[in-house]
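Quick notes on the structure that follows.
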Amino acid sequence: MEDRDLLSSIKKGLSEVFPWSTCSVSMETLPIPKKAYNAFRRQYLSTILLQSIGEYAARSLDNKAFNKILGVTEVDLYALGLNFIFGEAQLQGKAAIISLYRLRPEFYGEPPNRNLLVERAVKEAVHEIGHTLGLRHCPASSCVMHFSLHIGMTDRKGRDFCRICRLRIDRFAKQYG
Ligand code: ZN
Ligand code: ZN
């Protein structure tokens with residue numbers, strides 16, 4: 001994804017939710033592995049893209065527990081057993097990915113809305129980074145770690161962690177930060 005302005009907005013949102021971290025936008029764009037494309041579904045298998053981000057992370061990051069890479073893609077992602085996904089991450093890993101495809105209001109026949117797109121992308125980005133920090137899905141519907149089955153659920157939840165998830169994150173930060 002090469003919309004640097006949008007990537008900067010996502011970065012700003014991440015920095016607000018993870019104030020103890022530093023976040024930067026990479027100048028690099030990874031090619032989308034051809035084998036990820038499913039012509040019948042006209043979608044991309046998320047796991048394969050995630051794998052390539054993981055390999056990129058292994059090449060470019062040192063071994064600090066808090067170094068994560070979030071891929072941002074425009075293509076429509078799916079996972080086995082699911083019609084689509086907004087994103088995926090390695091649990092306690094280094095790699096995560098989000099797709100903007102179904103975060104754009106245009107996908108739902110609505111007019112483009114940059115702020116709404118950024119807000120949705122930040123929520124999904126925080127959610128996936130949360131997984132890389134070891135968090136699983138949270139039953140609280142307002143918590144960013146709540147699983148979004150559809151865009152309405154993304155819009156309903158906040159961009160931040162509930163008290164319990166935040167405690168878990170802070171514990172992790174103390175341990176490795
Ligand atoms: Zn999730
Ligand atoms: Zn929570």
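Identifiers for the structure tokens are assigned positionally: chains receive A, B, ... in sequence, residues are indexed from 1 per chain, and ligands are indexed from 1 in the order shown.
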
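Those protein and nucleic acid residues that have any atom within 9 Å of ligand 2 are, using only C-alpha atoms and all ligand atoms, Leu135, Arg136, His137, Cys138, Pro139, Ala140, Ser141, Ser142, Cys143, Val144, Met145, His146, Asp160, Phe161, Cys162, Arg163, Ile164, Cys165 and Arg166 of chain A.
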
Problem - Spatial neighbours of Glu128 in chain A, max dist 12 Å, only C-alpha atoms, sep filter under 4 positions, as a ChimeraX atom specification - result: /A:14,50,68-72,85-99,121-124,132-137,144-148,159

What would the file look like if the residues just selected were written as a short mmCIF file (atom, residue, chain, number, x, y, z; two decimals), in the first residue's frame with N, CA, C and O atoms?
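Result written to result_11.cif:
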data_model
loop_
_atom_site.label_atom_id
_atom_site.label_comp_id
_atom_site.auth_asym_id
_atom_site.auth_seq_id
_atom_site.Cartn_x
_atom_site.Cartn_y
_atom_site.Cartn_z
N LEU A 14 -1.77 4.48 16.09
CA LEU A 14 -1.07 3.43 16.84
C LEU A 14 -0.24 4.05 17.96
O LEU A 14 -0.21 3.53 19.08
N LEU A 50 0.64 -12.99 5.28
CA LEU A 50 1.17 -12.86 6.64
C LEU A 50 2.54 -13.53 6.74
O LEU A 50 3.46 -13.01 7.36
N LYS A 68 7.54 -5.15 15.92
CA LYS A 68 6.46 -5.75 15.14
C LYS A 68 6.40 -5.10 13.77
O LYS A 68 6.76 -3.93 13.62
N ILE A 69 5.90 -5.83 12.82
CA ILE A 69 5.65 -5.24 11.50
C ILE A 69 4.19 -5.47 11.12
O ILE A 69 3.68 -6.59 11.19
N LEU A 70 3.54 -4.36 10.77
CA LEU A 70 2.15 -4.42 10.33
C LEU A 70 2.11 -4.14 8.82
O LEU A 70 2.54 -3.07 8.38
N GLY A 71 1.62 -5.10 8.06
CA GLY A 71 1.43 -4.88 6.63
C GLY A 71 0.04 -4.29 6.41
O GLY A 71 -0.92 -4.66 7.08
N VAL A 72 -0.03 -3.34 5.48
CA VAL A 72 -1.33 -2.74 5.14
C VAL A 72 -1.55 -2.99 3.66
O VAL A 72 -0.73 -2.57 2.83
N ILE A 85 -11.67 -11.55 5.97
CA ILE A 85 -11.18 -11.04 7.25
C ILE A 85 -10.63 -9.63 7.06
O ILE A 85 -10.15 -9.28 5.99
N PHE A 86 -10.74 -8.84 8.11
CA PHE A 86 -10.19 -7.48 8.08
C PHE A 86 -8.67 -7.51 8.30
O PHE A 86 -7.97 -6.59 7.92
N GLY A 87 -8.21 -8.57 8.95
CA GLY A 87 -6.78 -8.66 9.23
C GLY A 87 -6.44 -9.96 9.92
O GLY A 87 -7.34 -10.75 10.25
N GLU A 88 -5.15 -10.17 10.09
CA GLU A 88 -4.68 -11.39 10.74
C GLU A 88 -3.33 -11.08 11.39
O GLU A 88 -2.64 -10.15 10.97
N ALA A 89 -2.98 -11.86 12.40
CA ALA A 89 -1.69 -11.63 13.05
C ALA A 89 -1.16 -12.94 13.59
O ALA A 89 -1.90 -13.89 13.81
N GLN A 90 0.16 -12.96 13.80
CA GLN A 90 0.79 -14.09 14.48
C GLN A 90 0.64 -13.84 15.98
O GLN A 90 1.14 -12.83 16.49
N LEU A 91 -0.02 -14.75 16.68
CA LEU A 91 -0.18 -14.59 18.12
C LEU A 91 1.21 -14.61 18.77
O LEU A 91 1.96 -15.56 18.58
N GLN A 92 1.52 -13.55 19.49
CA GLN A 92 2.84 -13.36 20.11
C GLN A 92 3.97 -13.39 19.08
O GLN A 92 5.11 -13.71 19.43
N GLY A 93 3.64 -13.06 17.86
CA GLY A 93 4.66 -13.07 16.81
C GLY A 93 5.08 -11.66 16.45
O GLY A 93 4.86 -10.72 17.21
N LYS A 94 5.69 -11.53 15.28
CA LYS A 94 6.20 -10.23 14.86
C LYS A 94 5.40 -9.62 13.71
O LYS A 94 5.56 -8.46 13.39
N ALA A 95 4.57 -10.44 13.08
CA ALA A 95 3.92 -9.97 11.86
C ALA A 95 2.41 -9.87 12.00
O ALA A 95 1.78 -10.70 12.67
N ALA A 96 1.86 -8.84 11.37
CA ALA A 96 0.41 -8.65 11.34
C ALA A 96 0.06 -8.01 10.01
O ALA A 96 0.91 -7.43 9.33
N ILE A 97 -1.21 -8.15 9.63
CA ILE A 97 -1.65 -7.54 8.38
C ILE A 97 -3.08 -7.04 8.54
O ILE A 97 -3.88 -7.65 9.27
N ILE A 98 -3.38 -5.93 7.89
CA ILE A 98 -4.77 -5.48 7.78
C ILE A 98 -5.06 -5.17 6.32
O ILE A 98 -4.15 -4.82 5.55
N SER A 99 -6.32 -5.33 5.94
CA SER A 99 -6.76 -4.99 4.59
C SER A 99 -7.69 -3.79 4.65
O SER A 99 -8.60 -3.74 5.48
N ALA A 121 -9.22 1.71 10.19
CA ALA A 121 -7.90 1.09 9.98
C ALA A 121 -7.12 1.08 11.29
O ALA A 121 -6.43 0.10 11.59
N VAL A 122 -7.22 2.16 12.06
CA VAL A 122 -6.51 2.21 13.35
C VAL A 122 -7.05 1.11 14.27
O VAL A 122 -6.28 0.38 14.89
N LYS A 123 -8.37 0.95 14.33
CA LYS A 123 -8.96 -0.09 15.17
C LYS A 123 -8.45 -1.48 14.78
O LYS A 123 -8.05 -2.27 15.62
N GLU A 124 -8.48 -1.75 13.48
CA GLU A 124 -8.04 -3.08 13.04
C GLU A 124 -6.53 -3.24 13.24
O GLU A 124 -6.06 -4.33 13.57
N THR A 132 -0.31 -9.76 18.32
CA THR A 132 1.14 -10.01 18.34
C THR A 132 1.69 -9.84 19.75
O THR A 132 2.74 -10.39 20.07
N LEU A 133 0.98 -9.07 20.59
CA LEU A 133 1.40 -8.90 21.98
C LEU A 133 0.84 -10.01 22.87
O LEU A 133 1.00 -9.98 24.09
N GLY A 134 0.13 -10.95 22.27
CA GLY A 134 -0.34 -12.10 23.03
C GLY A 134 -1.80 -12.05 23.44
O GLY A 134 -2.30 -12.98 24.08
N LEU A 135 -2.51 -10.98 23.08
CA LEU A 135 -3.93 -10.90 23.45
C LEU A 135 -4.78 -11.75 22.50
O LEU A 135 -4.52 -11.81 21.31
N ARG A 136 -5.81 -12.38 23.09
CA ARG A 136 -6.79 -13.09 22.29
C ARG A 136 -8.06 -12.26 22.20
O ARG A 136 -8.10 -11.16 22.70
N HIS A 137 -9.10 -12.79 21.56
CA HIS A 137 -10.33 -12.01 21.42
C HIS A 137 -10.99 -11.77 22.76
O HIS A 137 -10.94 -12.62 23.65
N VAL A 144 -11.26 -3.06 21.71
CA VAL A 144 -10.66 -3.19 20.38
C VAL A 144 -10.32 -4.65 20.05
O VAL A 144 -10.22 -5.01 18.88
N MET A 145 -10.16 -5.49 21.09
CA MET A 145 -9.85 -6.90 20.86
C MET A 145 -11.09 -7.76 20.61
O MET A 145 -10.99 -8.96 20.45
N HIS A 146 -12.26 -7.13 20.56
CA HIS A 146 -13.48 -7.85 20.19
C HIS A 146 -13.38 -8.21 18.71
O HIS A 146 -12.93 -7.40 17.90
N PHE A 147 -13.78 -9.42 18.35
CA PHE A 147 -13.68 -9.86 16.96
C PHE A 147 -14.77 -9.22 16.11
O PHE A 147 -15.94 -9.29 16.45
N SER A 148 -14.38 -8.60 15.00
CA SER A 148 -15.37 -7.98 14.10
C SER A 148 -15.77 -8.94 13.00
O SER A 148 -14.97 -9.28 12.14
N ARG A 159 -11.12 2.27 19.73
CA ARG A 159 -9.78 1.98 19.22
C ARG A 159 -8.85 1.55 20.35
O ARG A 159 -7.68 1.29 20.13
#

Practice task
Have a look at A:Tyr78, A:Met153, A:Phe172, A:Gly130 and name the one nearest to ligand 1; count only C-alpha atoms and all ligand atoms.
Solution key: A:Gly130

Exercise for the section: Quick one: everything within 9 Å of Leu30 in chain A, counting only C-alpha atoms, minus sequence neighbours fewer than 4 positions away in the same chain. Send it as a ChimeraX atom specification. Expected result: /A:1,52-53,56,71

Practice task
Excluding Leu49 in chain A and any residue of its chain fewer than 4 positions from it, enumerate the residues within 7 Å of it, using only C-alpha atoms, and give them as an MDAnalysis selection string.
Solution key: chainID A and resid 32:33 36 53
